[in-house]
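In what follows, a single structure is set out as structure tokens and then discussed.
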Amino acid sequence: MRGCRFGAGLLLLFSASWFGLGAGFSLPTANRALLEAGGGGEKYFVGTAGKPWTSGQFGCVRTEGRQLHEGLDIRCVQRDRKGEPIDPVLAAADGTVAYVNLKPSLSNYGNYVVVRHVVDRIEIHTLYAHLASVVPGLKAGQVVKAGERLGTMGRTSNTRQRITQDRAHLHFEICFRAGQNYSAWHRKFQVGTRNDHGEFNGRNFLGIDPAPVLLAAQQGGTNFSLARHLAMQPEMVRVFVRDPRFSWVSRFPGLVQRNVAAEKEGVAGWEIAMAFNGAPLRLIPRTAKEVPGADRIRLLAVNEAVWRNHPCSKLVVRRGQAWTALPAMEDILGIAGF
Ligand SMILES: [Zn+2]
């Protein structure tokens, strides 16, 4: 038994350093209600004006389910004498500042900060929006630790309807960046529209629900694995891209699954399992024999139950018995560089 325990300890040590485990996520503000039984409800989430707190969650929670909210709206717990939010906003994991926007009039995110992380060999970003202010001097390239202060919660945004004091919140996202050359894609395919934020345009982000990630990271401690968490998420579509060097593979190697046939015969392309909004969950190498034909992109399968549960999803449509990819799906793959 003694030997067994020793062996297991060594294995844990090895895998922890090798795969970056233990780099779990922590809460981005002092509001800890999410960790309470029932998930905090109104104590944690802020709904849109006149709507229940559930509209502050991630998912198809806006406009009768037809509109996606790609993050969490986390309620303010500290205010100054005038009632303004003063909660410190904290980095949710170790990482590097990727972008700071200090021109609130240029974004519905207002003042916002994006931090890049590599967790379980997956490049992922966290985004902190509507900030009143950002820590002076904070800029892209700066290394930050989990729990380090990035700024102060606020109500900044360029939307016509202002965020009222009672709805003060942090809009927090955990997201993949679809592509590394978004600006070029935007210039080519979004002619006549502005891109004030380069690679950090909201269109280049594919969010995942931060709530279970924050919860699991707290409960699982160092056992939390982002790769394992993503692998367990319900997938909505499987799509094949005929490109052995598809960019997501090198940026999200933690999502790659083994396929012995492809290891022997060579990779013709990648089968991608996506969540309802296009976020990648699993990447599977495929041989030419496994996916015959010459289509550059082929829709392989759609999970109808997940599709029905996500009325804000815009990836596919059903015509008769056949599913077809919609432009939004092609845009994601286009931004990814395919
Ligand atoms: Zn929000």
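Just so we're on the same page: first chain in the structure tokens is A, next is B, and so on; residues restart at 1 for each chain, and ligands are numbered from 1 in the order they show up.
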Neighbours of Leu72 of chain A within 8 Å (only C-alpha atoms; same-chain residues fewer than 5 positions away dropped), as a PDB file with N, CA, C and O atoms, in the first residue's frame?
```pdb
ATOM      1  N   PHE A  45     -26.316  37.254  -9.316  1.00  0.00           N
ATOM      2  CA  PHE A  45     -26.549  37.708 -10.692  1.00  0.00           C
ATOM      3  C   PHE A  45     -27.437  38.959 -10.735  1.00  0.00           C
ATOM      4  O   PHE A  45     -28.323  39.124  -9.902  1.00  0.00           O
ATOM      5  N   GLY A  56     -29.135  37.466 -16.121  1.00  0.00           N
ATOM      6  CA  GLY A  56     -27.723  37.820 -15.919  1.00  0.00           C
ATOM      7  C   GLY A  56     -26.808  36.623 -15.992  1.00  0.00           C
ATOM      8  O   GLY A  56     -25.595  36.740 -15.824  1.00  0.00           O
ATOM      9  N   GLN A  57     -27.386  35.433 -16.263  1.00  0.00           N
ATOM     10  CA  GLN A  57     -26.567  34.231 -16.418  1.00  0.00           C
ATOM     11  C   GLN A  57     -26.014  34.139 -17.830  1.00  0.00           C
ATOM     12  O   GLN A  57     -26.377  34.922 -18.707  1.00  0.00           O
ATOM     13  N   PHE A  58     -25.172  33.146 -18.052  1.00  0.00           N
ATOM     14  CA  PHE A  58     -24.649  32.865 -19.386  1.00  0.00           C
ATOM     15  C   PHE A  58     -25.682  32.056 -20.169  1.00  0.00           C
ATOM     16  O   PHE A  58     -26.324  31.165 -19.620  1.00  0.00           O
ATOM     17  N   LEU A 170     -20.237  43.488 -12.659  1.00  0.00           N
ATOM     18  CA  LEU A 170     -19.122  43.130 -13.533  1.00  0.00           C
ATOM     19  C   LEU A 170     -19.648  42.162 -14.574  1.00  0.00           C
ATOM     20  O   LEU A 170     -20.254  41.148 -14.224  1.00  0.00           O
ATOM     21  N   HIS A 171     -19.456  42.489 -15.845  1.00  0.00           N
ATOM     22  CA  HIS A 171     -19.733  41.504 -16.900  1.00  0.00           C
ATOM     23  C   HIS A 171     -18.445  40.702 -17.081  1.00  0.00           C
ATOM     24  O   HIS A 171     -17.408  41.255 -17.435  1.00  0.00           O
ATOM     25  N   PHE A 172     -18.533  39.410 -16.804  1.00  0.00           N
ATOM     26  CA  PHE A 172     -17.342  38.550 -16.782  1.00  0.00           C
ATOM     27  C   PHE A 172     -17.500  37.415 -17.783  1.00  0.00           C
ATOM     28  O   PHE A 172     -18.505  36.714 -17.785  1.00  0.00           O
ATOM     29  N   GLU A 173     -16.477  37.240 -18.633  1.00  0.00           N
ATOM     30  CA  GLU A 173     -16.516  36.153 -19.630  1.00  0.00           C
ATOM     31  C   GLU A 173     -15.296  35.257 -19.498  1.00  0.00           C
ATOM     32  O   GLU A 173     -14.211  35.715 -19.141  1.00  0.00           O
ATOM     33  N   ASP A 209     -19.741  28.956 -20.334  1.00  0.00           N
ATOM     34  CA  ASP A 209     -20.408  29.396 -19.108  1.00  0.00           C
ATOM     35  C   ASP A 209     -19.389  29.451 -17.970  1.00  0.00           C
ATOM     36  O   ASP A 209     -18.857  28.411 -17.559  1.00  0.00           O
ATOM     37  N   PRO A 210     -19.093  30.658 -17.447  1.00  0.00           N
ATOM     38  CA  PRO A 210     -18.089  30.739 -16.374  1.00  0.00           C
ATOM     39  C   PRO A 210     -18.574  30.154 -15.046  1.00  0.00           C
ATOM     40  O   PRO A 210     -17.745  29.760 -14.222  1.00  0.00           O
ATOM     41  N   ALA A 211     -19.914  30.093 -14.814  1.00  0.00           N
ATOM     42  CA  ALA A 211     -20.414  29.705 -13.491  1.00  0.00           C
ATOM     43  C   ALA A 211     -19.936  28.307 -13.068  1.00  0.00           C
ATOM     44  O   ALA A 211     -19.339  28.161 -11.999  1.00  0.00           O
TER      45      ALA A 211
END
```
Checklist line | Per-residue DSSP, segment 141-307 of chain A, filtered to alpha helix (DSSP H), as a PyMOL selection string | finding: chain A and resi 182-189+210-220+226-231+247-251+260-265+304-307
Next item on the list: May I have the residues within 12 Å of ligand 1, computed using only C-alpha atoms and all ligand atoms, as number ranges by chain?
Entry: A: 45-49, 53-59, 61-62, 67-75, 108-110, 127-130, 155-157, 163, 167-173, 207
Next item on the list: Excluding Ile124 of chain A and any residue of its chain fewer than 3 positions from it, enumerate the residues within 7 Å of it, using only C-alpha atoms, and give them as a list in words.
Entry: Arg116, His117, Val118, Cys175 and Phe176 of chain A
How would the residues just chosen look if you wrote them out with N, CA and C atoms as a PDB file, in the first residue's frame?
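Result file is result-v7.pdb:
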```
ATOM      1  N   ARG A 116      -5.131  36.821 -21.033  1.00  0.00           N
ATOM      2  CA  ARG A 116      -4.917  35.543 -21.719  1.00  0.00           C
ATOM      3  C   ARG A 116      -4.318  34.540 -20.736  1.00  0.00           C
ATOM      4  N   HIS A 117      -4.844  33.319 -20.778  1.00  0.00           N
ATOM      5  CA  HIS A 117      -4.353  32.251 -19.910  1.00  0.00           C
ATOM      6  C   HIS A 117      -4.050  31.023 -20.753  1.00  0.00           C
ATOM      7  N   VAL A 118      -3.157  30.187 -20.277  1.00  0.00           N
ATOM      8  CA  VAL A 118      -3.008  28.855 -20.864  1.00  0.00           C
ATOM      9  C   VAL A 118      -3.240  27.867 -19.731  1.00  0.00           C
ATOM     10  N   CYS A 175     -13.604  32.936 -22.369  1.00  0.00           N
ATOM     11  CA  CYS A 175     -13.872  32.714 -23.785  1.00  0.00           C
ATOM     12  C   CYS A 175     -12.647  32.272 -24.574  1.00  0.00           C
ATOM     13  N   PHE A 176     -12.939  31.569 -25.663  1.00  0.00           N
ATOM     14  CA  PHE A 176     -11.933  31.251 -26.665  1.00  0.00           C
ATOM     15  C   PHE A 176     -11.857  32.426 -27.631  1.00  0.00           C
TER      16      PHE A 176
END
```
Notebook entry, point to check: For Asp80 of chain A, which residue out of A:Asn309, A:Gln218, A:Asn181, A:Gln165 is the nearest one, using only C-alpha atoms?
Noted result: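 Once distances to Asp80 of chain A are computed over only C-alpha atoms, the minimum belongs to A:Gln165.
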At most 9 Å is the cut-off: for each residue in segment 202-228 of chain A with any atom that close to an atom of segment 247-264 of chain A, write down the nearest atom pair and the distance in Å rounded to one decimal, counting only C-alpha atoms, chain first then increasing number, as a tab-separated table.
```
residue	atom	partner	partner_atom	distance
A:Leu226	CA	A:Gly254	CA	8.8
A:Ala227	CA	A:Gly254	CA	6.0
A:Arg228	CA	A:Leu255	CA	8.8
```
Written file, previous selection with N, CA, C and O atoms, as a compact mmCIF listing (two decimals), in the first residue's frame:
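Produced file result_29.txt, reproduced below:
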```txt
# COMPACT_ATOMS: atom_id res chain seq x y z
N LEU A 226 -9.73 22.08 -16.82
CA LEU A 226 -10.55 22.76 -17.82
C LEU A 226 -10.82 21.83 -19.01
O LEU A 226 -11.93 21.79 -19.54
N ALA A 227 -9.79 21.06 -19.40
CA ALA A 227 -9.95 20.15 -20.54
C ALA A 227 -11.05 19.13 -20.25
O ALA A 227 -11.91 18.86 -21.09
N ARG A 228 -11.01 18.58 -19.03
CA ARG A 228 -12.02 17.57 -18.67
C ARG A 228 -13.40 18.23 -18.59
O ARG A 228 -14.39 17.66 -19.04
```
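Coordinates place atom CA of Gly141 of chain A at a distance of 16.7 Å from atom CA of Ala92 of chain A.
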Next item on the list: Could you please determine the separation between atom CA of Leu131 of chain A and atom CA of Ala91 of chain A in Å, to one decimal place?
Entry: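 Between atom CA of Leu131 of chain A and atom CA of Ala91 of chain A the gap is 13.2 Å.
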Residues within 7 Å of Lys145 of chain A, please, as a tab-separated table (two decimals) with N, CA, C and O atoms, in the first residue's frame. Count only C-alpha atoms; anything in the same chain fewer than 2 positions from it doesn't count.
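This went into selection.tsv:
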```tsv
chain	number	residue	atom	x	y	z
A	91	ALA	N	-8.12	39.40	-11.33
A	91	ALA	CA	-7.83	38.39	-12.35
A	91	ALA	C	-8.28	37.03	-11.83
A	91	ALA	O	-8.01	36.66	-10.70
A	93	ALA	N	-7.45	34.06	-12.94
A	93	ALA	CA	-6.41	33.02	-13.03
A	93	ALA	C	-5.10	33.70	-13.39
A	93	ALA	O	-5.10	34.86	-13.84
A	94	ASP	N	-4.00	33.00	-13.21
A	94	ASP	CA	-2.70	33.53	-13.65
A	94	ASP	C	-2.76	33.77	-15.16
A	94	ASP	O	-3.36	32.96	-15.88
A	95	GLY	N	-2.15	34.81	-15.64
A	95	GLY	CA	-2.17	35.04	-17.08
A	95	GLY	C	-1.39	36.28	-17.47
A	95	GLY	O	-0.59	36.82	-16.68
A	143	VAL	N	2.24	40.55	-16.91
A	143	VAL	CA	1.90	39.28	-16.27
A	143	VAL	C	1.09	39.57	-15.01
A	143	VAL	O	1.45	40.45	-14.24
A	147	GLY	N	-6.18	36.62	-8.66
A	147	GLY	CA	-6.51	37.44	-7.49
A	147	GLY	C	-5.91	38.83	-7.54
A	147	GLY	O	-6.22	39.67	-6.69
A	148	GLU	N	-5.06	39.09	-8.53
A	148	GLU	CA	-4.45	40.43	-8.64
A	148	GLU	C	-5.48	41.43	-9.16
A	148	GLU	O	-6.28	41.12	-10.05
```
